[in-house]
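Trainee: Handing over entry23.tsv, TSV, C-alpha atoms.
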chain	number	residue	atom	x	y	z
A	146	MET	CA	100.57	97.07	49.48
A	147	THR	CA	103.21	94.35	49.85
A	148	ARG	CA	106.73	95.45	49.05
A	149	THR	CA	108.79	93.37	46.62
A	150	SER	CA	112.52	92.73	46.76
A	151	ASP	CA	113.18	95.26	43.96
A	152	ASP	CA	111.07	97.96	45.64
A	153	PRO	CA	113.49	100.81	46.53
A	154	ARG	CA	111.53	101.39	49.72
A	155	GLY	CA	111.89	97.74	50.78
A	156	GLY	CA	114.78	95.90	52.29
A	157	PHE	CA	115.66	95.42	55.92
A	158	LEU	CA	115.40	99.07	56.91
A	159	GLY	CA	111.93	99.33	55.41
A	160	GLU	CA	110.77	96.22	57.20
A	161	LEU	CA	112.32	97.49	60.43
A	162	LYS	CA	110.41	100.77	60.17
A	163	ASP	CA	107.18	98.86	59.58
A	164	ALA	CA	107.80	96.41	62.43
A	165	VAL	CA	109.01	98.90	65.06
A	166	SER	CA	107.61	102.40	64.90
A	167	VAL	CA	109.36	105.38	66.45
A	168	ARG	CA	106.75	105.43	69.20
A	169	ALA	CA	107.31	101.75	69.93
A	170	ALA	CA	111.07	102.27	70.04
A	171	LEU	CA	110.68	105.10	72.54
A	172	LEU	CA	108.39	102.97	74.72
A	173	VAL	CA	110.93	100.13	74.64
A	174	LEU	CA	113.64	102.55	75.77
A	175	GLY	CA	111.30	103.62	78.56
A	176	VAL	CA	110.87	99.99	79.61
A	177	LEU	CA	114.66	99.57	79.63
A	178	ALA	CA	115.00	102.63	81.85
A	179	ILE	CA	112.41	101.27	84.31
A	180	GLN	CA	114.13	97.88	84.32
A	181	LEU	CA	117.52	99.41	85.13
A	182	ALA	CA	115.91	101.61	87.79
A	183	PHE	CA	114.31	98.49	89.30
A	184	ILE	CA	117.68	96.74	89.54
A	185	THR	CA	119.39	99.81	90.95
A	186	SER	CA	116.66	100.51	93.50
A	187	TYR	CA	116.38	96.98	94.90
A	188	ILE	CA	120.10	96.26	95.05
A	189	GLY	CA	120.81	99.74	96.37
A	190	ALA	CA	118.30	99.32	99.19
A	191	PHE	CA	119.13	95.75	100.19
A	192	HIS	CA	122.79	95.06	99.40
A	193	SER	CA	124.24	96.40	102.65
A	194	PRO	CA	121.72	96.99	105.46
A	195	LYS	CA	123.15	98.96	108.39
A	196	PRO	CA	121.32	100.02	111.57
A	197	HIS	CA	120.90	103.76	111.92
A	198	ARG	CA	119.51	105.47	115.01
A	199	ILE	CA	117.23	102.65	116.13
A	200	PRO	CA	115.02	104.09	118.91
A	201	LEU	CA	116.02	102.33	122.16
A	202	ALA	CA	114.84	103.03	125.71
A	203	VAL	CA	117.22	102.55	128.63
A	204	THR	CA	116.34	102.07	132.29
A	205	ALA	CA	118.70	101.24	135.15
A	206	PRO	CA	118.62	100.96	138.97
A	207	SER	CA	120.43	104.29	139.35
A	208	THR	CA	120.60	107.51	137.37
A	209	GLN	CA	124.40	107.33	137.25
A	210	VAL	CA	124.39	103.90	135.61
A	211	ALA	CA	121.67	104.93	133.19
A	212	ASP	CA	123.60	108.05	132.15
A	213	GLU	CA	126.77	106.04	131.58
A	214	VAL	CA	124.94	103.51	129.39
A	215	LEU	CA	123.12	106.22	127.46
A	216	TYR	CA	126.39	108.00	126.69
A	217	ARG	CA	128.13	104.81	125.63
A	218	LEU	CA	125.31	103.72	123.32
A	219	SER	CA	124.81	107.18	121.81
A	220	THR	CA	128.49	107.48	120.86
A	221	LEU	CA	128.82	104.15	119.04
A	222	PRO	CA	130.50	104.48	115.60
A	223	GLY	CA	127.96	105.09	112.84
A	224	GLU	CA	125.16	106.01	115.28
A	225	PRO	CA	123.35	102.66	115.10
A	226	LEU	CA	121.20	103.53	118.16
A	227	ASP	CA	119.10	106.43	119.34
A	228	PRO	CA	118.95	105.78	123.11
A	229	ARG	CA	116.66	107.68	125.45
A	230	PRO	CA	115.90	107.28	129.18
A	231	VAL	CA	112.69	105.73	130.49
A	232	ARG	CA	111.36	105.44	134.06
A	233	ASN	CA	111.03	101.66	134.34
A	234	GLU	CA	110.41	98.46	132.44
A	235	ALA	CA	106.63	98.89	132.36
A	236	ALA	CA	106.99	102.29	130.70
A	237	ALA	CA	109.44	100.82	128.21
A	238	VAL	CA	107.03	98.02	127.26
A	239	GLU	CA	104.22	100.52	126.82
A	240	GLN	CA	106.36	102.64	124.48
A	241	ILE	CA	107.29	99.56	122.44
A	242	ARG	CA	103.63	98.59	122.06
A	243	ASN	CA	102.79	102.18	121.08
A	244	ARG	CA	105.54	101.98	118.39
A	245	ASP	CA	107.36	104.92	119.92
A	246	ILE	CA	110.56	102.84	120.24
A	247	ASP	CA	111.83	99.58	118.74
A	248	GLY	CA	113.39	98.10	121.87
A	249	ALA	CA	114.49	98.69	125.46
A	250	LEU	CA	117.53	97.87	127.56
A	251	VAL	CA	116.43	97.08	131.11
A	252	LEU	CA	119.40	96.84	133.49
A	253	GLY	CA	119.04	95.05	136.78
A	254	PRO	CA	121.23	95.01	139.86
A	255	GLY	CA	124.74	93.75	139.30
A	256	ASP	CA	125.78	92.60	135.82
A	257	THR	CA	122.42	91.35	134.57
A	258	GLY	CA	119.90	92.87	132.26
A	259	ARG	CA	117.22	92.26	129.64
A	260	LEU	CA	116.91	93.51	126.10
A	261	LEU	CA	113.28	93.90	125.06
A	262	VAL	CA	112.57	93.62	121.33
A	263	ALA	CA	109.46	93.45	119.12
A	264	SER	CA	109.87	91.03	116.20
A	265	GLY	CA	106.30	91.81	115.12
A	266	GLY	CA	107.69	95.09	113.81
A	267	GLY	CA	110.27	93.28	111.69
A	268	ALA	CA	112.44	90.28	112.53
A	269	SER	CA	115.52	91.74	110.83
A	270	LEU	CA	115.23	94.91	112.93
A	271	SER	CA	115.00	92.96	116.20
A	272	GLN	CA	117.98	90.86	115.18
A	273	ALA	CA	120.07	93.89	114.25
A	274	LEU	CA	119.16	95.64	117.51
A	275	ALA	CA	120.17	92.61	119.55
A	276	GLU	CA	123.49	92.31	117.73
A	277	VAL	CA	124.39	95.96	118.27
A	278	VAL	CA	123.44	96.08	121.95
A	279	MET	CA	125.06	92.73	122.74
A	280	ALA	CA	128.30	93.85	121.12
A	281	ALA	CA	128.21	97.20	122.95
A	282	GLU	CA	127.59	95.58	126.36
A	283	LYS	CA	130.02	92.71	125.87
A	284	GLY	CA	132.92	94.86	127.02
A	285	GLN	CA	131.02	95.64	130.22
A	286	ARG	CA	130.85	91.94	131.11
A	287	ARG	CA	127.11	92.23	131.45
A	288	THR	CA	124.84	89.26	130.82
A	289	LEU	CA	121.78	90.15	128.76
A	290	LYS	CA	118.68	88.10	128.03
A	291	VAL	CA	116.70	88.93	124.90
A	292	VAL	CA	112.93	89.02	125.49
A	293	ASP	CA	110.48	89.40	122.61
A	294	VAL	CA	107.55	91.39	124.01
A	295	VAL	CA	105.69	91.63	120.67
A	296	PRO	CA	106.50	88.37	118.87
A	297	GLY	CA	105.38	87.55	115.35
A	298	THR	CA	103.07	84.61	114.79
A	299	ARG	CA	104.27	81.21	113.64
A	300	GLY	CA	102.63	81.73	110.24
A	301	ASP	CA	104.37	85.07	109.68
A	302	GLY	CA	107.88	84.01	108.75
A	303	ARG	CA	110.44	86.81	109.27
A	304	GLY	CA	107.52	89.22	109.67
A	305	LEU	CA	107.08	89.49	105.89
A	306	SER	CA	103.39	88.60	105.57
A	307	SER	CA	102.32	92.22	106.06
A	308	PHE	CA	104.69	93.35	103.33
A	309	TYR	CA	103.59	90.73	100.81
A	310	LEU	CA	99.93	91.43	101.53
A	311	VAL	CA	100.56	95.12	100.82
A	312	VAL	CA	102.50	94.32	97.64
A	313	GLY	CA	99.57	92.23	96.42
A	314	TRP	CA	97.12	95.02	97.15
A	315	CYS	CA	99.33	97.55	95.31
A	316	VAL	CA	99.67	95.29	92.27
A	317	GLY	CA	95.91	94.86	92.12
A	318	GLY	CA	95.38	98.61	92.38
A	319	TYR	CA	97.52	99.66	89.44
A	320	LEU	CA	96.57	96.66	87.29
A	321	CYS	CA	92.86	97.33	87.77
A	322	ALA	CA	93.36	100.99	86.85
A	323	ALA	CA	95.47	100.03	83.85
A	324	ILE	CA	92.79	97.65	82.56
A	325	LEU	CA	90.09	100.28	83.02
A	326	GLY	CA	92.19	102.70	80.99
A	327	ILE	CA	93.34	100.35	78.24
A	328	SER	CA	89.91	98.82	77.66
A	329	ALA	CA	88.17	102.17	77.08
A	330	GLY	CA	90.89	104.72	76.42
A	331	ALA	CA	93.51	105.97	78.85
A	332	ARG	CA	91.92	109.43	79.03
A	333	PRO	CA	88.20	109.51	79.92
A	334	VAL	CA	86.28	111.85	77.62
A	335	ASN	CA	84.39	113.66	80.39
A	336	GLY	CA	83.96	113.98	84.11
A	337	SER	CA	81.04	111.56	84.27
A	338	ARG	CA	83.07	108.72	82.81
A	339	ALA	CA	85.97	109.53	85.12
A	340	VAL	CA	83.62	109.24	88.09
A	341	ILE	CA	82.29	105.92	86.77
A	342	ARG	CA	85.82	104.56	86.48
A	343	LEU	CA	86.60	105.70	90.01
A	344	GLY	CA	83.40	104.04	91.23
A	345	ALA	CA	84.38	100.77	89.55
A	346	LEU	CA	87.83	101.04	91.12
A	347	LEU	CA	86.29	101.65	94.55
A	348	LEU	CA	84.10	98.55	94.24
A	349	TYR	CA	87.14	96.52	93.22
A	350	SER	CA	89.11	97.95	96.17
A	351	VAL	CA	86.44	96.92	98.67
A	352	VAL	CA	86.40	93.35	97.36
A	353	ALA	CA	90.20	93.12	97.09
A	354	GLY	CA	90.67	94.51	100.59
A	355	LEU	CA	88.27	91.98	102.09
A	356	LEU	CA	89.59	88.94	100.24
A	357	GLY	CA	93.23	89.83	100.92
A	358	SER	CA	92.51	90.23	104.63
A	359	VAL	CA	90.66	86.91	104.77
A	360	ILE	CA	93.51	85.08	103.01
A	361	ALA	CA	96.23	86.58	105.23
A	362	GLY	CA	94.17	86.22	108.42
A	363	PRO	CA	91.64	83.42	108.92
A	364	LEU	CA	92.61	81.34	105.87
A	365	LEU	CA	96.41	81.13	106.18
A	366	ASP	CA	96.69	82.31	109.80
A	367	ALA	CA	99.62	84.53	108.80
A	368	LEU	CA	98.48	87.80	110.35
A	369	PRO	CA	96.62	88.38	113.62
A	370	GLY	CA	94.81	91.58	114.44
A	371	SER	CA	91.45	93.05	113.55
A	372	LEU	CA	90.00	91.73	110.28
A	373	PRO	CA	87.81	94.85	109.74
A	374	ALA	CA	90.83	97.10	110.30
A	375	LEU	CA	92.91	95.17	107.77
A	376	TRP	CA	89.97	95.25	105.36
A	377	GLY	CA	89.75	99.03	105.69
A	378	LEU	CA	93.49	99.38	105.16
A	379	GLY	CA	93.37	97.17	102.07
A	380	THR	CA	90.46	99.07	100.58
A	381	LEU	CA	92.18	102.41	101.10
A	382	LEU	CA	95.52	101.16	99.79
A	383	VAL	CA	94.13	99.58	96.61
A	384	PHE	CA	92.03	102.64	95.86
A	385	ALA	CA	94.94	105.01	96.53
A	386	VAL	CA	97.28	103.19	94.14
A	387	GLY	CA	94.53	102.70	91.55
A	388	SER	CA	93.33	106.31	91.61
A	389	VAL	CA	96.87	107.62	91.22
A	390	THR	CA	97.36	105.28	88.25
A	391	LEU	CA	94.10	106.53	86.71
A	392	ALA	CA	95.22	110.12	87.26
A	393	LEU	CA	98.57	109.52	85.58
A	394	GLN	CA	96.86	107.84	82.63
A	395	SER	CA	94.46	110.77	82.36
A	396	LEU	CA	97.37	113.21	82.28
A	397	VAL	CA	99.91	111.45	80.03
A	398	GLY	CA	98.12	108.45	78.54
A	399	VAL	CA	99.48	104.90	78.62
A	400	ILE	CA	102.86	106.20	79.78
A	401	GLY	CA	101.14	106.90	83.09
A	402	ILE	CA	101.10	103.16	83.81
A	403	GLY	CA	104.90	103.15	83.61
A	404	ILE	CA	105.11	106.12	85.96
A	405	ALA	CA	102.82	104.34	88.42
A	406	ILE	CA	105.06	101.27	88.30
A	407	LEU	CA	108.07	103.50	88.89
A	408	LEU	CA	106.47	105.03	91.99
A	409	VAL	CA	104.94	101.89	93.49
A	410	VAL	CA	107.24	99.06	92.42
A	411	VAL	CA	110.64	100.55	91.63
A	412	LEU	CA	110.74	103.12	94.44
A	413	GLY	CA	107.96	102.04	96.78
A	414	ASN	CA	108.59	98.34	97.36
A	415	PRO	CA	112.30	98.40	98.33
A	416	SER	CA	111.70	101.41	100.61
A	417	ALA	CA	108.58	99.93	102.25
A	418	GLY	CA	110.39	98.50	105.26
A	419	GLY	CA	109.38	94.94	104.42
A	420	ALA	CA	112.55	92.86	104.36
A	421	TYR	CA	114.47	95.59	106.18
A	422	PRO	CA	112.56	98.17	108.29
A	423	TYR	CA	113.40	101.84	107.95
A	424	PRO	CA	116.31	102.03	110.46
A	425	LEU	CA	118.22	99.45	108.36
A	426	LEU	CA	117.76	101.13	104.96
A	427	PRO	CA	120.14	103.59	103.27
A	428	PRO	CA	119.24	107.29	103.67
A	429	PHE	CA	117.42	107.77	100.34
A	430	TRP	CA	115.09	104.80	100.75
A	431	ARG	CA	114.63	105.50	104.46
A	432	ALA	CA	113.49	109.03	103.59
A	433	ILE	CA	111.00	108.22	100.82
A	434	GLY	CA	109.53	105.00	102.23
A	435	PRO	CA	106.98	106.45	104.69
A	436	ALA	CA	105.61	108.81	102.02
A	437	LEU	CA	104.88	106.14	99.39
A	438	PRO	CA	101.87	103.75	99.45
A	439	PRO	CA	103.84	100.47	99.96
A	440	GLY	CA	105.73	101.89	102.95
A	441	ALA	CA	102.67	103.46	104.54
A	442	GLY	CA	100.69	100.27	103.94
A	443	THR	CA	103.34	97.96	105.39
A	444	TYR	CA	103.79	100.02	108.54
A	445	ALA	CA	100.04	100.27	109.06
A	446	ALA	CA	99.51	96.54	108.45
A	447	ARG	CA	102.11	95.62	111.08
A	448	SER	CA	100.60	98.13	113.48
A	449	ILE	CA	97.17	96.55	113.07
A	450	ALA	CA	98.46	92.99	113.27
A	451	TYR	CA	100.78	93.28	116.28
A	452	PHE	CA	100.45	96.66	117.98
A	453	ARG	CA	96.65	97.04	118.41
A	454	GLY	CA	96.64	99.68	115.66
A	455	ASN	CA	99.07	101.97	117.49
A	456	GLY	CA	101.11	104.00	115.03
A	457	ALA	CA	98.80	103.33	112.09
A	458	GLY	CA	97.20	106.79	112.05
A	459	GLY	CA	100.00	108.60	110.23
A	460	PRO	CA	100.37	106.00	107.45
A	461	MET	CA	96.60	105.91	106.95
A	462	LEU	CA	96.62	109.69	106.46
A	463	VAL	CA	99.38	109.27	103.86
A	464	LEU	CA	97.26	106.75	101.95
A	465	ALA	CA	94.20	108.99	102.23
A	466	ALA	CA	96.22	111.88	100.76
A	467	TRP	CA	97.24	109.72	97.77
A	468	ALA	CA	93.62	108.63	97.27
A	469	VAL	CA	92.28	112.20	97.40
A	470	ALA	CA	94.99	113.49	95.07
A	471	GLY	CA	94.44	110.65	92.60
A	472	THR	CA	90.68	111.18	92.59
A	473	ALA	CA	90.90	114.95	92.17
A	474	LEU	CA	93.45	114.75	89.36
A	475	THR	CA	91.49	112.06	87.51
A	476	ILE	CA	88.30	114.14	87.52
A	477	ALA	CA	90.09	117.42	86.80
A	478	ALA	CA	92.00	115.95	83.86
A	479	ALA	CA	88.75	114.71	82.34
A	480	VAL	CA	86.71	117.87	82.98
A	481	PHE	CA	89.30	120.38	81.82
A	482	ARG	CA	90.75	118.54	78.82
A	483	PRO	CA	89.80	120.05	75.44
A	484	GLY	CA	86.39	118.76	74.43
A	485	GLY	CA	86.14	116.90	77.71
A	486	THR	CA	82.96	118.49	79.07
A	487	GLY	CA	79.33	118.74	78.11
A	488	ALA	CA	77.01	116.61	76.02
A	489	GLY	CA	78.84	117.50	72.82
A	490	ALA	CA	81.82	115.47	73.90
A	491	ASP	CA	79.62	112.45	74.47
A	492	VAL	CA	78.00	112.85	71.05
A	493	ALA	CA	81.34	113.29	69.31
A	494	ALA	CA	82.86	110.31	71.07
A	495	SER	CA	79.79	108.19	70.34
A	496	SER	CA	79.80	109.22	66.65
A	497	ALA	CA	83.48	108.43	66.33
A	498	ALA	CA	82.98	105.04	67.92
A	499	ASP	CA	80.02	104.30	65.63
A	500	GLY	CA	82.07	105.35	62.64
A	501	ARG	CA	84.87	102.98	63.60
A	502	ARG	CA	82.44	100.11	64.07
A	503	GLY	CA	80.57	100.85	60.86
A	504	GLY	CA	83.63	101.43	58.71
A	505	GLY	CA	83.37	105.25	58.54
A	506	ALA	CA	80.86	108.00	59.10
A	507	GLY	CA	80.14	108.43	55.39
A	508	ARG	CA	79.20	104.81	54.76
A	509	ALA	CA	75.50	104.09	55.02
A	510	ALA	CA	74.32	100.99	56.80
A	511	PRO	CA	72.59	98.40	54.60
A	512	SER	CA	69.18	99.24	56.09
A	513	ASP	CA	69.65	102.91	55.16
A	514	ARG	CA	70.34	102.36	51.44
A	515	PRO	CA	67.52	103.17	49.00
A	516	ASP	CA	65.57	100.23	47.69
A	517	THR	CA	66.39	99.81	43.95
A	518	THR	CA	64.59	96.52	43.34
A	519	GLY	CA	61.49	96.22	41.28
Do you think you could lay out the structure here as structure tokens?

Mentor:
Amino acid sequence: MTRTSDDPRGGFLGELKDAVSVRAALLVLGVLAIQLAFITSYIGAFHSPKPHRIPLAVTAPSTQVADEVLYRLSTLPGEPLDPRPVRNEAAAVEQIRNRDIDGALVLGPGDTGRLLVASGGGASLSQALAEVVMAAEKGQRRTLKVVDVVPGTRGDGRGLSSFYLVVGWCVGGYLCAAILGISAGARPVNGSRAVIRLGALLLYSVVAGLLGSVIAGPLLDALPGSLPALWGLGTLLVFAVGSVTLALQSLVGVIGIGIAILLVVVLGNPSAGGAYPYPLLPPFWRAIGPALPPGAGTYAARSIAYFRGNGAGGPMLVLAAWAVAGTALTIAAAVFRPGGTGAGADVAASSAADGRRGGGAGRAAPSDRPDTTG
């Protein structure tokens, strides 16, 4: 019924209640909270990057010189470096390529030396390491030459291609799960339908992982490394993010999409080590980054692209744990929800859907009405 101007229930307040329900108002407040969290998280992570305990190997012609350098570098204000001794330059290079350290200071006879870095692990990290070591050794009147032993490719500007590839995979994962939920109800009515949704998500993940790897690798020549390995990483990452989103939707409905965005976008992306690797991030983001899908995915992607897969095992286990947890929670939420098991749930859901399509369960279809003609 349309309200008139003299209707006591009308007026602006009445129209406002009709236009914006209490539920909609609460969801809008939730969106505002996520927006403010997004701003706080990104600016908090990126506004003032400072090196903190960057793993650095040190080798020198004599033990005495090495000990002096180690002490000097370990006592720098703010602890920007985490120096440790290494036998020789070959051992230092091996540790860099194994991702055990981020650089090495190789001192030669006299006042010469070389600083080994790996820009493939993050250009900003290599730059920060060089600045700290150069400043520390400047007072020693030592001449250092910076050597990039694991350089990034020409198509991987600032080493960010791995990060953006991972961000794209994460976006696809939670959007696919959100569409699966919104199109047929956020909470699947039984375990069978939950499994079907997970199967559809897995198929999407396989395709998304392959196409993303092809675009970043052969098509744009942005990332080197094994195409099958990147494909496997992409498939696991997309499925992990998607299954967690499905699980959250199964538990709390549409609000679960917002929680997934909070985990992956608001907290995960700035702590992923993309623009600034972990040693340059503030403590909070440095601590949570490796445990969230964007951080695990970025580290693994760089390991595959530039370090022959070294160091990717831990992050892959993190992603596998997210995928297993998301899958288990999605199925459990469907199986153990009230009315969520057995054939009766299917019949009830089907009857309700038929009633909505037919205008109500009590209304007979035209073909079912008795013939009154003649």

Trainee: Interatomic distance between CA of Val292 in chain A and CA of Ala202 in chain A?

Mentor: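 Pair CA of Val292 in chain A / CA of Ala202 in chain A returns 14.1 Å.
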
Trainee: Just checking: using all atoms listed in the file, which residue out of A:Asn414, A:Ser388, A:Thr257, A:Ser358 ends up closest to Ile188 in chain A?

Mentor: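 The closest residue to Ile188 in chain A is A:Asn414.
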
Trainee: Please compute the CA of Ser269 in chain A-CA of Cys315 in chain A distance, one decimal, in Å.

Mentor: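 Interatomic distance, CA of Ser269 in chain A to CA of Cys315 in chain A: 23.2 Å.
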
Trainee: Smallest atom-to-atom distance to Ser219 in chain A: which of A:Ile246, A:Trp430, A:Leu375, A:Ala281, using all atoms listed in the file?

Mentor: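 Between A:Ile246, A:Trp430, A:Leu375, A:Ala281, the residue approaching Ser219 in chain A most closely is A:Ala281.
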
Trainee: Interatomic distance between CA of Val351 in chain A and CA of Ser328 in chain A?

Mentor: 21.4 Å

Trainee: Could you check the closest approach to Ser271 in chain A for each of A:Ile199, A:Leu355, A:Val210, A:Ala450 and tell me which residue wins, using only C-alpha atoms?

Mentor: A:Ile199

Trainee: Between A:Phe429, A:Phe157, A:Tyr444, A:Phe481, which is the closest to Gly267 in chain A once you count only C-alpha atoms?

Mentor: A:Tyr444

Trainee: Tell me which residues come within 10 Å of (84.2, 114.8, 87.6), as a count of residues only, counting all atoms listed in the file in the file's coordinates.

Mentor: 19

Trainee: If we count all atoms listed in the file and set the cut-off at 12 Å, which residues sit around Val231 in chain A, ignoring sequence neighbours fewer than 5 positions away in its own chain? Please answer as a PyMOL selection string.

Mentor: chain A and resi 200-208+211-212+215+236-241+245-246+248-252
